[in-house]
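File shown here: structure_19.csv, holding CSV, C-alpha atoms and all ligand atoms.
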chain,number,residue,atom,x,y,z
S,11,MET,CA,20.6,15.4,12.3
S,12,GLN,CA,19.4,18.1,9.9
S,13,LEU,CA,16.2,19.4,11.4
S,14,GLN,CA,13.8,21.5,9.2
S,15,GLU,CA,11.0,23.6,10.5
S,16,ASN,CA,7.6,24.0,8.7
S,17,ALA,CA,8.6,21.7,5.9
S,18,PRO,CA,6.0,21.2,3.1
S,19,LEU,CA,4.8,17.6,3.1
S,20,ALA,CA,2.7,17.7,-0.1
S,21,PRO,CA,5.7,17.2,-2.4
S,22,LEU,CA,6.7,14.1,-0.4
S,23,THR,CA,3.4,12.4,-1.1
S,24,THR,CA,1.9,10.9,-4.3
S,25,PHE,CA,-1.4,12.8,-3.6
S,26,ARG,CA,0.5,16.1,-3.5
S,27,LEU,CA,-1.7,17.8,-1.0
S,28,GLY,CA,-1.9,18.7,2.7
S,29,GLY,CA,0.0,21.1,5.0
S,30,PRO,CA,3.5,21.2,6.4
S,31,ALA,CA,5.3,19.4,9.2
S,32,ARG,CA,6.2,21.5,12.2
S,33,TYR,CA,9.5,19.7,12.3
S,34,PHE,CA,11.0,17.3,9.6
S,35,VAL,CA,14.1,15.1,9.7
S,36,GLU,CA,15.5,12.4,7.4
S,37,ALA,CA,17.2,9.3,8.9
S,38,ASN,CA,19.8,7.3,7.0
S,39,SER,CA,20.7,4.9,9.8
S,40,ALA,CA,19.3,3.2,12.9
S,41,ALA,CA,21.4,5.7,15.0
S,42,GLU,CA,19.7,8.6,13.3
S,43,VAL,CA,16.3,7.1,13.8
S,44,GLN,CA,17.1,6.8,17.5
S,45,GLN,CA,18.3,10.5,17.7
S,46,ALA,CA,15.2,11.7,16.0
S,47,VAL,CA,12.9,9.8,18.4
S,48,ALA,CA,14.9,11.2,21.3
S,49,PHE,CA,14.4,14.7,20.0
S,50,ALA,CA,10.6,14.2,19.6
S,51,GLU,CA,10.4,12.8,23.1
S,52,SER,CA,12.5,15.5,24.7
S,53,LYS,CA,10.0,18.1,23.2
S,54,SER,CA,6.9,16.0,23.7
S,55,LEU,CA,6.2,16.2,20.0
S,56,PRO,CA,3.9,13.6,18.3
S,57,LEU,CA,6.0,11.6,15.8
S,58,PHE,CA,4.9,10.5,12.3
S,59,VAL,CA,7.0,8.0,10.3
S,60,LEU,CA,7.1,8.7,6.6
S,61,GLY,CA,8.1,6.3,3.9
S,62,GLY,CA,7.5,7.1,0.2
S,63,GLY,CA,4.2,9.0,1.0
S,64,SER,CA,2.2,6.8,-1.4
S,65,ASN,CA,-0.5,5.8,1.1
S,66,LEU,CA,-1.3,9.0,2.9
S,67,VAL,CA,-3.9,11.8,3.1
S,68,VAL,CA,-2.1,14.7,4.9
S,69,SER,CA,-4.6,17.1,6.5
S,70,ASP,CA,-4.6,20.7,5.3
S,71,SER,CA,-3.1,21.9,8.6
S,72,GLY,CA,-0.3,19.4,8.3
S,73,TRP,CA,1.4,17.6,11.2
S,74,PRO,CA,1.9,19.4,14.5
S,75,GLY,CA,5.0,17.4,15.6
S,76,LEU,CA,8.0,15.7,14.0
S,77,VAL,CA,7.9,13.9,10.7
S,78,LEU,CA,10.7,11.3,10.5
S,79,LYS,CA,11.4,10.1,6.9
S,80,VAL,CA,13.1,6.7,6.9
S,81,SER,CA,15.8,6.8,4.2
S,82,ILE,CA,18.0,3.9,5.2
S,83,PRO,CA,19.6,2.6,2.0
S,84,GLY,CA,21.0,-0.8,0.8
S,85,ILE,CA,20.1,-4.0,-0.8
S,86,ASP,CA,22.3,-6.9,0.5
S,87,ARG,CA,22.1,-10.4,-0.7
S,88,ARG,CA,22.7,-13.2,1.8
S,89,SER,CA,23.9,-16.7,0.8
S,90,ALA,CA,21.2,-19.3,0.2
S,91,GLU,CA,19.6,-20.8,3.3
S,92,GLU,CA,18.8,-24.5,3.8
S,93,ASP,CA,15.4,-24.4,2.1
S,94,GLY,CA,17.0,-23.1,-1.1
S,95,LYS,CA,15.9,-19.5,-0.7
S,96,VAL,CA,18.0,-16.4,-1.2
S,97,VAL,CA,17.5,-13.7,1.4
S,98,PHE,CA,17.7,-10.0,0.5
S,99,ASP,CA,18.2,-7.6,3.4
S,100,VAL,CA,16.8,-4.3,2.2
S,101,GLY,CA,17.0,-0.8,3.9
S,102,GLY,CA,13.6,0.6,4.8
S,103,GLY,CA,14.3,3.7,2.7
S,104,GLU,CA,14.9,1.9,-0.6
S,105,SER,CA,12.4,2.3,-3.3
S,106,TRP,CA,10.2,-0.8,-3.4
S,107,ASP,CA,10.1,-0.9,-7.2
S,108,ARG,CA,13.8,-0.6,-7.4
S,109,PHE,CA,14.2,-3.6,-5.2
S,110,VAL,CA,11.6,-5.6,-7.2
S,111,SER,CA,13.6,-4.8,-10.4
S,112,HIS,CA,16.8,-5.9,-8.6
S,113,ALA,CA,15.3,-9.2,-7.6
S,114,VAL,CA,13.9,-9.9,-11.0
S,115,MET,CA,17.2,-9.1,-12.6
S,116,ALA,CA,18.8,-11.5,-10.2
S,117,HIS,CA,16.3,-14.2,-11.4
S,118,CYS,CA,14.7,-14.5,-7.9
S,119,ALA,CA,11.0,-15.1,-7.8
S,120,GLY,CA,8.4,-14.0,-5.2
S,121,VAL,CA,7.8,-10.3,-5.7
S,122,GLU,CA,7.5,-9.9,-9.5
S,123,CYS,CA,3.7,-9.3,-9.4
S,124,LEU,CA,4.3,-6.5,-6.9
S,125,SER,CA,6.1,-4.5,-9.6
S,126,GLY,CA,5.2,-0.9,-10.0
S,127,ILE,CA,3.8,-0.3,-6.5
S,128,PRO,CA,5.1,3.1,-5.3
S,129,GLY,CA,6.6,3.8,-1.9
S,130,SER,CA,9.4,2.5,0.2
S,131,VAL,CA,10.5,-1.0,1.3
S,132,GLY,CA,9.8,0.0,4.9
S,133,GLY,CA,6.2,0.8,4.0
S,134,THR,CA,5.5,-2.7,2.6
S,135,PRO,CA,5.0,-4.7,5.8
S,136,VAL,CA,2.7,-2.0,7.2
S,137,GLN,CA,-0.4,-2.9,5.2
S,138,ASN,CA,1.0,-6.2,3.8
S,139,VAL,CA,1.2,-4.8,0.3
S,140,GLY,CA,-0.3,-7.0,-2.3
S,141,ALA,CA,-1.3,-7.1,-6.0
S,142,TYR,CA,-1.9,-9.5,-8.8
S,143,GLY,CA,-1.9,-12.6,-6.6
S,144,GLN,CA,1.1,-11.8,-4.4
S,145,GLU,CA,1.5,-10.2,-0.9
S,146,VAL,CA,4.8,-9.3,0.8
S,147,SER,CA,3.8,-11.6,3.8
S,148,GLN,CA,4.5,-14.5,1.5
S,149,THR,CA,8.2,-13.6,1.2
S,150,ILE,CA,9.1,-11.5,4.3
S,151,ALA,CA,11.3,-13.5,6.5
S,152,SER,CA,11.8,-10.9,9.2
S,153,VAL,CA,11.6,-7.2,9.9
S,154,GLU,CA,14.2,-5.2,11.8
S,155,VAL,CA,12.6,-2.5,13.9
S,156,PHE,CA,13.4,0.2,16.3
S,157,ASP,CA,11.0,-0.4,19.2
S,158,ARG,CA,9.8,2.9,20.7
S,159,LYS,CA,8.7,1.1,23.9
S,160,ASP,CA,12.3,0.5,25.1
S,161,SER,CA,14.4,2.2,22.4
S,162,GLN,CA,15.9,-1.1,21.3
S,163,VAL,CA,16.5,-2.4,17.8
S,164,ARG,CA,15.0,-5.9,17.4
S,165,GLU,CA,14.2,-8.5,14.7
S,166,LEU,CA,10.6,-9.6,14.3
S,167,ARG,CA,10.1,-12.9,12.5
S,168,ARG,CA,7.3,-13.1,9.9
S,169,GLU,CA,5.0,-15.0,12.4
S,170,ALA,CA,5.2,-12.1,14.8
S,171,CYS,CA,4.0,-9.5,12.3
S,172,GLY,CA,0.4,-10.6,12.3
S,173,PHE,CA,-0.1,-10.3,8.5
S,174,SER,CA,-3.5,-10.6,6.9
S,175,TYR,CA,-5.3,-8.7,4.1
S,176,ARG,CA,-4.0,-5.1,4.1
S,177,SER,CA,-3.1,-5.5,7.7
S,178,SER,CA,-0.3,-6.3,10.2
S,179,ILE,CA,0.6,-5.4,13.8
S,180,PHE,CA,2.2,-2.3,12.4
S,181,ASN,CA,-1.2,-0.8,11.4
S,182,THR,CA,-3.3,-2.4,14.1
S,183,SER,CA,-2.4,-3.7,17.6
S,184,GLU,CA,1.1,-2.1,17.6
S,185,ARG,CA,0.4,1.0,15.5
S,186,GLY,CA,3.0,3.7,16.2
S,187,ARG,CA,5.3,1.4,18.3
S,188,PHE,CA,7.8,0.1,15.7
S,189,ILE,CA,9.9,2.1,13.2
S,190,ILE,CA,10.9,-0.3,10.4
S,191,LEU,CA,14.6,-0.1,9.6
S,192,ARG,CA,15.2,-3.1,7.3
S,193,VAL,CA,13.2,-5.9,5.8
S,194,ALA,CA,14.5,-9.4,4.9
S,195,TYR,CA,12.7,-11.1,1.9
S,196,ALA,CA,13.3,-14.8,1.2
S,197,LEU,CA,13.0,-15.3,-2.6
S,198,THR,CA,13.3,-18.4,-4.8
S,199,PRO,CA,16.4,-18.3,-7.1
S,200,GLY,CA,15.5,-19.5,-10.6
S,201,GLY,CA,11.8,-19.7,-9.5
S,202,GLU,CA,8.9,-19.3,-12.0
S,203,ALA,CA,6.7,-16.2,-12.2
S,204,HIS,CA,3.4,-16.3,-10.3
S,205,LEU,CA,0.7,-16.2,-13.0
S,206,GLU,CA,-2.5,-16.8,-11.2
S,207,TYR,CA,-4.3,-13.4,-11.5
S,208,ALA,CA,-6.9,-13.2,-14.3
S,209,ASP,CA,-5.6,-9.9,-15.8
S,210,LEU,CA,-2.1,-11.4,-16.1
S,211,LYS,CA,-3.4,-14.7,-17.6
S,212,ARG,CA,-5.4,-12.7,-20.1
S,213,HIS,CA,-2.3,-10.6,-21.0
S,214,PHE,CA,-0.3,-13.7,-21.9
S,215,GLU,CA,-3.2,-15.6,-23.5
S,216,GLY,CA,-2.2,-17.6,-26.6
S,217,ARG,CA,1.5,-17.6,-25.7
S,218,GLU,CA,3.1,-21.0,-25.6
S,219,ALA,CA,6.3,-20.4,-23.6
S,220,ARG,CA,5.8,-19.5,-20.0
S,221,PRO,CA,6.6,-15.9,-19.4
S,222,ASN,CA,9.8,-15.3,-17.3
S,223,LEU,CA,10.1,-13.0,-14.3
S,224,ALA,CA,11.2,-10.0,-16.4
S,225,GLU,CA,8.3,-10.4,-18.8
S,226,THR,CA,5.9,-10.7,-15.9
S,227,ARG,CA,7.2,-7.6,-14.3
S,228,GLU,CA,6.8,-5.7,-17.6
S,229,ALA,CA,3.3,-7.0,-18.0
S,230,VAL,CA,2.3,-6.0,-14.5
S,231,ARG,CA,3.7,-2.5,-15.0
S,232,TYR,CA,1.8,-2.2,-18.4
S,233,ILE,CA,-1.5,-3.3,-16.8
S,234,ARG,CA,-1.0,-1.0,-13.9
S,235,ALA,CA,-0.2,2.0,-16.1
S,236,ARG,CA,-3.5,1.4,-18.0
S,237,LYS,CA,-5.3,1.6,-14.7
S,238,GLY,CA,-3.5,4.7,-13.5
S,239,MET,CA,-1.9,2.5,-10.8
S,240,LEU,CA,1.7,3.2,-11.9
S,241,ILE,CA,3.3,6.6,-11.2
S,242,VAL,CA,3.8,8.0,-14.7
S,243,PRO,CA,5.0,11.7,-14.6
S,244,GLY,CA,2.4,13.9,-16.3
S,245,ASP,CA,-0.5,11.4,-16.0
S,246,PRO,CA,-3.2,13.2,-13.9
S,247,ASP,CA,-4.8,9.9,-13.0
S,248,CYS,CA,-1.9,8.9,-10.7
S,249,GLN,CA,-1.9,11.9,-8.4
S,250,SER,CA,-3.6,9.7,-5.8
S,251,ALA,CA,-3.0,7.3,-2.9
S,252,GLY,CA,-3.8,4.3,-5.2
S,253,SER,CA,-7.0,2.4,-4.2
S,254,PHE,CA,-8.9,4.6,-1.8
S,255,PHE,CA,-11.0,1.8,-0.3
S,256,LYS,CA,-10.2,-1.7,0.8
S,257,ASN,CA,-12.1,-4.6,-0.8
S,258,PRO,CA,-14.7,-5.4,1.9
S,259,VAL,CA,-14.7,-8.9,3.3
S,260,LEU,CA,-18.3,-10.0,4.0
S,261,SER,CA,-19.7,-12.9,6.1
S,262,GLU,CA,-22.0,-15.3,4.4
S,263,PRO,CA,-25.2,-13.6,5.5
S,264,GLN,CA,-23.9,-10.2,4.4
S,265,HIS,CA,-22.9,-11.7,1.1
S,266,GLU,CA,-26.3,-13.2,0.6
S,267,ASP,CA,-27.9,-9.9,1.4
S,268,LEU,CA,-25.7,-8.1,-1.1
S,269,ASN,CA,-26.5,-10.7,-3.8
S,270,LYS,CA,-30.2,-10.2,-3.3
S,271,ARG,CA,-29.8,-6.4,-3.6
S,272,ALA,CA,-27.8,-6.9,-6.8
S,273,ALA,CA,-30.1,-9.5,-8.3
S,274,ALA,CA,-33.1,-7.1,-7.8
S,275,LYS,CA,-31.2,-4.6,-10.1
S,276,GLY,CA,-30.2,-7.3,-12.6
S,277,PHE,CA,-26.5,-7.4,-11.5
S,278,SER,CA,-24.2,-10.1,-10.2
S,279,VAL,CA,-21.5,-9.1,-7.8
S,280,PRO,CA,-17.9,-10.0,-8.5
S,281,SER,CA,-16.5,-11.7,-5.4
S,282,TYR,CA,-13.6,-14.0,-4.4
S,283,PRO,CA,-13.3,-16.5,-1.6
S,284,ALA,CA,-11.7,-15.1,1.6
S,285,LEU,CA,-10.7,-16.7,4.8
S,286,GLU,CA,-13.1,-18.4,7.2
S,287,LYS,CA,-16.4,-18.7,5.2
S,288,SER,CA,-16.3,-15.1,4.0
S,289,ARG,CA,-16.1,-13.4,0.6
S,290,LYS,CA,-14.1,-10.5,-0.6
S,291,ILE,CA,-16.1,-8.1,-2.8
S,292,SER,CA,-14.7,-5.8,-5.4
S,293,ALA,CA,-14.9,-2.3,-3.9
S,294,ALA,CA,-14.4,-0.8,-7.4
S,295,TRP,CA,-17.6,-2.5,-8.5
S,296,LEU,CA,-19.6,-1.2,-5.5
S,297,VAL,CA,-18.3,2.4,-6.2
S,298,GLU,CA,-19.2,2.2,-9.9
S,299,LYS,CA,-22.6,0.7,-9.3
S,300,SER,CA,-23.4,3.5,-6.8
S,301,GLY,CA,-23.2,6.2,-9.4
S,302,PHE,CA,-19.5,7.1,-9.2
S,303,ALA,CA,-18.2,6.2,-12.7
S,304,ARG,CA,-14.6,6.6,-13.8
S,305,GLY,CA,-13.9,10.3,-14.4
S,306,TYR,CA,-16.6,11.4,-11.9
S,307,GLY,CA,-16.2,14.9,-10.5
S,308,PHE,CA,-15.4,18.2,-12.1
S,309,GLY,CA,-13.5,20.2,-9.5
S,310,HIS,CA,-10.1,19.8,-8.0
S,311,VAL,CA,-10.9,16.3,-6.8
S,312,GLY,CA,-12.5,13.4,-8.7
S,313,ILE,CA,-12.3,9.7,-9.6
S,314,SER,CA,-9.6,8.5,-11.9
S,315,SER,CA,-10.7,8.1,-15.5
S,316,LYS,CA,-8.9,4.7,-15.5
S,317,HIS,CA,-10.0,3.2,-12.2
S,318,ALA,CA,-13.1,3.7,-10.0
S,319,LEU,CA,-11.3,3.0,-6.8
S,320,ALA,CA,-8.7,5.9,-7.0
S,321,ILE,CA,-9.7,9.4,-5.8
S,322,VAL,CA,-7.4,11.8,-7.6
S,323,ASN,CA,-6.1,15.3,-7.1
S,324,ARG,CA,-6.7,17.0,-10.4
S,325,GLY,CA,-4.6,19.9,-9.3
S,326,GLY,CA,-4.9,22.3,-6.3
S,327,ALA,CA,-7.0,19.9,-4.3
S,328,THR,CA,-7.3,20.1,-0.5
S,329,ALA,CA,-7.5,17.2,1.9
S,330,ALA,CA,-11.0,18.5,2.9
S,331,GLU,CA,-12.2,18.1,-0.6
S,332,VAL,CA,-10.8,14.5,-0.8
S,333,LEU,CA,-12.6,13.6,2.5
S,334,ALA,CA,-15.8,15.2,1.3
S,335,LEU,CA,-15.8,12.9,-1.8
S,336,LYS,CA,-14.8,9.9,0.4
S,337,ASP,CA,-17.8,10.6,2.7
S,338,GLN,CA,-20.1,11.0,-0.3
S,339,ILE,CA,-19.0,7.6,-1.8
S,340,GLN,CA,-19.2,5.8,1.6
S,341,GLN,CA,-22.7,7.1,2.2
S,342,ARG,CA,-24.1,6.2,-1.2
S,343,VAL,CA,-22.5,2.7,-1.2
S,344,GLU,CA,-23.9,2.0,2.3
S,345,GLU,CA,-27.4,3.3,1.4
S,346,ILE,CA,-27.6,1.1,-1.7
S,347,TRP,CA,-25.6,-2.0,-0.8
S,348,ALA,CA,-25.6,-1.9,3.0
S,349,VAL,CA,-21.8,-2.3,2.9
S,350,ARG,CA,-19.5,0.1,4.7
S,351,LEU,CA,-16.3,0.8,2.7
S,352,GLU,CA,-13.1,1.3,4.7
S,353,PRO,CA,-10.5,3.8,3.4
S,354,GLU,CA,-7.1,2.3,2.7
S,355,PRO,CA,-4.8,5.3,3.0
S,356,VAL,CA,-3.5,6.5,6.4
S,357,MET,CA,-5.0,9.8,7.6
S,358,VAL,CA,-2.3,12.1,8.9
S,359,GLY,CA,-2.9,15.1,11.2
S,360,PHE,CA,-6.7,14.9,11.3
S,401,LIG,C1,-0.6,4.7,-7.8
S,401,LIG,C2,-0.6,3.9,-6.6
S,401,LIG,C3,-0.8,2.5,-6.6
S,401,LIG,C4,-0.8,1.7,-5.5
S,401,LIG,N1,-0.9,0.3,-5.6
S,401,LIG,C5,-0.9,-0.5,-4.5
S,401,LIG,C6,-1.1,-1.9,-4.6
S,401,LIG,O1,-1.3,-2.4,-5.7
S,401,LIG,N2,-1.1,-2.6,-3.5
S,401,LIG,C7,-0.9,-2.1,-2.3
S,401,LIG,O2,-1.0,-2.8,-1.3
S,401,LIG,N3,-0.8,-0.7,-2.1
S,401,LIG,C8,-0.7,0.1,-3.2
S,401,LIG,N4,-0.6,1.4,-3.1
S,401,LIG,C9,-0.4,2.0,-1.7
S,401,LIG,C10,1.0,2.2,-1.3
S,401,LIG,O3,1.9,2.4,-2.4
S,401,LIG,C11,1.6,1.1,-0.4
S,401,LIG,O4,0.8,1.0,0.7
S,401,LIG,C12,3.0,1.4,0.0
S,401,LIG,O5,3.6,0.3,0.6
S,401,LIG,C13,3.1,2.5,1.0
S,401,LIG,O6,4.5,2.7,1.3
S,401,LIG,P1,5.1,4.1,1.6
S,401,LIG,O7,6.6,4.0,1.8
S,401,LIG,O8,4.8,5.1,0.5
S,401,LIG,O9,4.4,4.5,3.0
S,401,LIG,P2,3.8,5.9,3.4
S,401,LIG,O10,2.6,6.3,2.5
S,401,LIG,O11,4.8,6.9,3.6
S,401,LIG,O12,3.2,5.5,4.8
S,401,LIG,C14,2.1,4.6,4.9
S,401,LIG,C15,2.0,4.1,6.4
S,401,LIG,O13,3.2,3.3,6.6
S,401,LIG,C16,3.9,3.8,7.7
S,401,LIG,N5,5.3,3.7,7.4
S,401,LIG,C17,6.0,4.0,6.3
S,401,LIG,N6,7.3,3.7,6.4
S,401,LIG,C18,7.5,3.2,7.6
S,401,LIG,C19,8.6,2.7,8.3
S,401,LIG,N7,9.8,2.7,7.8
S,401,LIG,N8,8.4,2.3,9.6
S,401,LIG,C20,7.2,2.3,10.2
S,401,LIG,N9,6.1,2.8,9.6
S,401,LIG,C21,6.2,3.2,8.3
S,401,LIG,C22,3.5,5.3,7.8
S,401,LIG,O14,3.7,5.8,9.1
S,401,LIG,C23,2.0,5.2,7.4
S,401,LIG,O15,1.3,4.8,8.5
S,401,LIG,C24,-0.6,2.3,-4.2
S,401,LIG,C25,-0.4,3.7,-4.1
S,401,LIG,C26,-0.4,4.4,-5.3
S,401,LIG,C27,-0.2,5.9,-5.2
Take the structure in the file and write it out as structure tokens.
Amino acid sequence: MQLQENAPLAPLTTFRLGGPARYFVEANSAAEVQQAVAFAESKSLPLFVLGGGSNLVVSDSGWPGLVLKVSIPGIDRRSAEEDGKVVFDVGGGESWDRFVSHAVMAHCAGVECLSGIPGSVGGTPVQNVGAYGQEVSQTIASVEVFDRKDSQVRELRREACGFSYRSSIFNTSERGRFIILRVAYALTPGGEAHLEYADLKRHFEGREARPNLAETREAVRYIRARKGMLIVPGDPDCQSAGSFFKNPVLSEPQHEDLNKRAAAKGFSVPSYPALEKSRKISAAWLVEKSGFARGYGFGHVGISSKHALAIVNRGGATAAEVLALKDQIQQRVEEIWAVRLEPEPVMVGF
């Protein structure tokens, strides 16, 4: 185990800000994960598990304990199961987008719309990563975890993971308990691309032949790049944690109230059906219609010039500045629309 002290965390995150880790270690196997956990416990250090650092705001003082970066590699294809799926067992430390590319090249459908999302494979079950009409919960068969409760490695079937919109047991009821070692995705060999999302349909409008998986992947990456939602070196709009706020899910009465407020201003609110008589509202719309246009802010921190939902580090930003802008947006949105926006990124060391 190669232990580092006072290791800078900012370069390990897409936001590129925040302080150092008191201790830092990288684990390439389940055994190394176990060793690192034992070290943290022996010294009573708080433990933070790091993946690709693409969904984090690290505080300016950093992390006072051990940061354990999961770097377990490997993409293994298992033979087809009875229901005709192909299962890929993927190490938690693999790049998510590399795995998507691998699956698409193998003509296996199920994750093509999740192309271009940064971060690690191990990070995907945590907030049930989703985009362009797909979520990983639709294809995850099981998750192999190290259980900190009894130091055992175990397999959690999909049903045990409690997946819903941007949520799972890993970021709610069992937060901090499981370290994700490997994820098994069941994909459809020879399956068609999922083309339900409006942006994607528009992209292929007028085309007769149905786009294949590779074309769909390229289209998703193209659309994401135009929104600053693809990490493109040198693009200042992608020094962020992606969407900073979740799309709020409102009950019917809340939705009616929002519609009334919008109608009084001559607007109609974009919304989508969600589970159990509720509606999902576009957080980007609420942010923009509260006076925070794309490109807002002139200092170190602002809003992406390509997407109202991304707070960006324009260079030299501090976590305190990011949180100040977050508070400002939350307050204004709540004052005008009576809706509380919830941040999506994980706050580390606050
Ligand atoms: C430009 C951009 C675009 C994005 N677009 C999307 C999008 O379209 N859809 C979407 O859902 N998200 C999106 N995100 C957010 C982010 O990429 C995903 O949430 C990603 O899955 C986070 O994975 P990560 O490995 O970077 O996790 P990290 O940011 O390192 O960690 C996030 C959380 O997961 C935990 N974690 C990470 N790895 C493990 C592990 N092995 N075991 C246990 N816990 C772990 C961490 O402790 C932390 O709580 C975007 C981010 C950026 C910067």
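Minimum atom-to-atom distances from S:Phe277, S:Phe58, S:Tyr33, S:Phe255 to ligand LIG 401 (chain S) were compared using all atoms listed in the file, and the lowest value belongs to S:Phe58.
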- Give me the residues within 9 Å of Pro83 in chain S as a PyMOL selection string, counting only C-alpha atoms and dropping any in the same chain fewer than 5 places off. chain S and resi 38-39+100-105+192
- Message: Give me, as an NGL selection string, all polymer residues having an atom no more than 12 Å from range 164-176 of chain S, counting all atoms listed in the file and skipping those fewer than 6 positions away in the same chain.
- Response: :S and (40 or 65 or 133-141 or 143-158 or 182-185 or 188-196 or 253 or 255-259 or 284-285 or 290 or 352-356)
Selected residues, C-alpha atoms, written as an mmCIF file, in the frame of the given file, please.
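selection03.cif, written as the output of this step:
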data_model
loop_
_atom_site.group_PDB
_atom_site.id
_atom_site.type_symbol
_atom_site.label_atom_id
_atom_site.label_comp_id
_atom_site.auth_asym_id
_atom_site.auth_seq_id
_atom_site.Cartn_x
_atom_site.Cartn_y
_atom_site.Cartn_z
ATOM 1 C CA ALA S 40 19.300 3.200 12.900
ATOM 2 C CA ASN S 65 -0.500 5.800 1.100
ATOM 3 C CA GLY S 133 6.200 0.800 4.000
ATOM 4 C CA THR S 134 5.500 -2.700 2.600
ATOM 5 C CA PRO S 135 5.000 -4.700 5.800
ATOM 6 C CA VAL S 136 2.700 -2.000 7.200
ATOM 7 C CA GLN S 137 -0.400 -2.900 5.200
ATOM 8 C CA ASN S 138 1.000 -6.200 3.800
ATOM 9 C CA VAL S 139 1.200 -4.800 0.300
ATOM 10 C CA GLY S 140 -0.300 -7.000 -2.300
ATOM 11 C CA ALA S 141 -1.300 -7.100 -6.000
ATOM 12 C CA GLY S 143 -1.900 -12.600 -6.600
ATOM 13 C CA GLN S 144 1.100 -11.800 -4.400
ATOM 14 C CA GLU S 145 1.500 -10.200 -0.900
ATOM 15 C CA VAL S 146 4.800 -9.300 0.800
ATOM 16 C CA SER S 147 3.800 -11.600 3.800
ATOM 17 C CA GLN S 148 4.500 -14.500 1.500
ATOM 18 C CA THR S 149 8.200 -13.600 1.200
ATOM 19 C CA ILE S 150 9.100 -11.500 4.300
ATOM 20 C CA ALA S 151 11.300 -13.500 6.500
ATOM 21 C CA SER S 152 11.800 -10.900 9.200
ATOM 22 C CA VAL S 153 11.600 -7.200 9.900
ATOM 23 C CA GLU S 154 14.200 -5.200 11.800
ATOM 24 C CA VAL S 155 12.600 -2.500 13.900
ATOM 25 C CA PHE S 156 13.400 0.200 16.300
ATOM 26 C CA ASP S 157 11.000 -0.400 19.200
ATOM 27 C CA ARG S 158 9.800 2.900 20.700
ATOM 28 C CA THR S 182 -3.300 -2.400 14.100
ATOM 29 C CA SER S 183 -2.400 -3.700 17.600
ATOM 30 C CA GLU S 184 1.100 -2.100 17.600
ATOM 31 C CA ARG S 185 0.400 1.000 15.500
ATOM 32 C CA PHE S 188 7.800 0.100 15.700
ATOM 33 C CA ILE S 189 9.900 2.100 13.200
ATOM 34 C CA ILE S 190 10.900 -0.300 10.400
ATOM 35 C CA LEU S 191 14.600 -0.100 9.600
ATOM 36 C CA ARG S 192 15.200 -3.100 7.300
ATOM 37 C CA VAL S 193 13.200 -5.900 5.800
ATOM 38 C CA ALA S 194 14.500 -9.400 4.900
ATOM 39 C CA TYR S 195 12.700 -11.100 1.900
ATOM 40 C CA ALA S 196 13.300 -14.800 1.200
ATOM 41 C CA SER S 253 -7.000 2.400 -4.200
ATOM 42 C CA PHE S 255 -11.000 1.800 -0.300
ATOM 43 C CA LYS S 256 -10.200 -1.700 0.800
ATOM 44 C CA ASN S 257 -12.100 -4.600 -0.800
ATOM 45 C CA PRO S 258 -14.700 -5.400 1.900
ATOM 46 C CA VAL S 259 -14.700 -8.900 3.300
ATOM 47 C CA ALA S 284 -11.700 -15.100 1.600
ATOM 48 C CA LEU S 285 -10.700 -16.700 4.800
ATOM 49 C CA LYS S 290 -14.100 -10.500 -0.600
ATOM 50 C CA GLU S 352 -13.100 1.300 4.700
ATOM 51 C CA PRO S 353 -10.500 3.800 3.400
ATOM 52 C CA GLU S 354 -7.100 2.300 2.700
ATOM 53 C CA PRO S 355 -4.800 5.300 3.000
ATOM 54 C CA VAL S 356 -3.500 6.500 6.400
#
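With all atoms listed in the file as the atoms that count, the minimum distance from ligand LIG 401 (chain S) to the choices S:Pro128, S:Gly216, S:Gly72, S:Gly84 is reached by S:Pro128.
Distance-wise, CA of Arg271 in chain S and CA of Ile346 in chain S end up 8.0 Å apart.
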- Item | Neighbour list for Asp245 in chain S as a ChimeraX atom specification, cut-off 12 Å, all atoms listed in the file, skip fewer than 6 positions in-chain | /S:24,235-239,314-316,322-325
- Note on the structure: Of S:His310, S:Arg234, S:Lys95, S:His112, the one nearest to ligand LIG 401 (chain S) when counting only C-alpha atoms and all ligand atoms is S:Arg234
- Query: Mind pulling up the distance from atom N2 of ligand LIG 401 (chain S) to CA of Arg304 in chain S?
  - Reply: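 Here the two named atoms are 19.3 Å from each other.
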- Pick out the closest residue to ligand LIG 401 (chain S) from this set: S:Met11, S:Leu223, S:Met115, S:Leu57. Count only C-alpha atoms and all ligand atoms. S:Leu57
- Message: For a cutoff of 10 Å around the file-coordinate point (-23.1, -4.4, -11.9), which residues qualify once you count all atoms listed in the file? I'd like the result as a VMD selection string.
- Response: chain S and resid 272 to 273 275 to 280 295 to 296 298 to 300
Let me see the file: selected residues, C-alpha atoms, as a PDB file, in the coordinates of the input.
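Below is the file that was written, part02.pdb:
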ATOM      1  CA  ALA S 272     -27.800  -6.900  -6.800  1.00  0.00           C
ATOM      2  CA  ALA S 273     -30.100  -9.500  -8.300  1.00  0.00           C
ATOM      3  CA  LYS S 275     -31.200  -4.600 -10.100  1.00  0.00           C
ATOM      4  CA  GLY S 276     -30.200  -7.300 -12.600  1.00  0.00           C
ATOM      5  CA  PHE S 277     -26.500  -7.400 -11.500  1.00  0.00           C
ATOM      6  CA  SER S 278     -24.200 -10.100 -10.200  1.00  0.00           C
ATOM      7  CA  VAL S 279     -21.500  -9.100  -7.800  1.00  0.00           C
ATOM      8  CA  PRO S 280     -17.900 -10.000  -8.500  1.00  0.00           C
ATOM      9  CA  TRP S 295     -17.600  -2.500  -8.500  1.00  0.00           C
ATOM     10  CA  LEU S 296     -19.600  -1.200  -5.500  1.00  0.00           C
ATOM     11  CA  GLU S 298     -19.200   2.200  -9.900  1.00  0.00           C
ATOM     12  CA  LYS S 299     -22.600   0.700  -9.300  1.00  0.00           C
ATOM     13  CA  SER S 300     -23.400   3.500  -6.800  1.00  0.00           C
TER      14      SER S 300
END
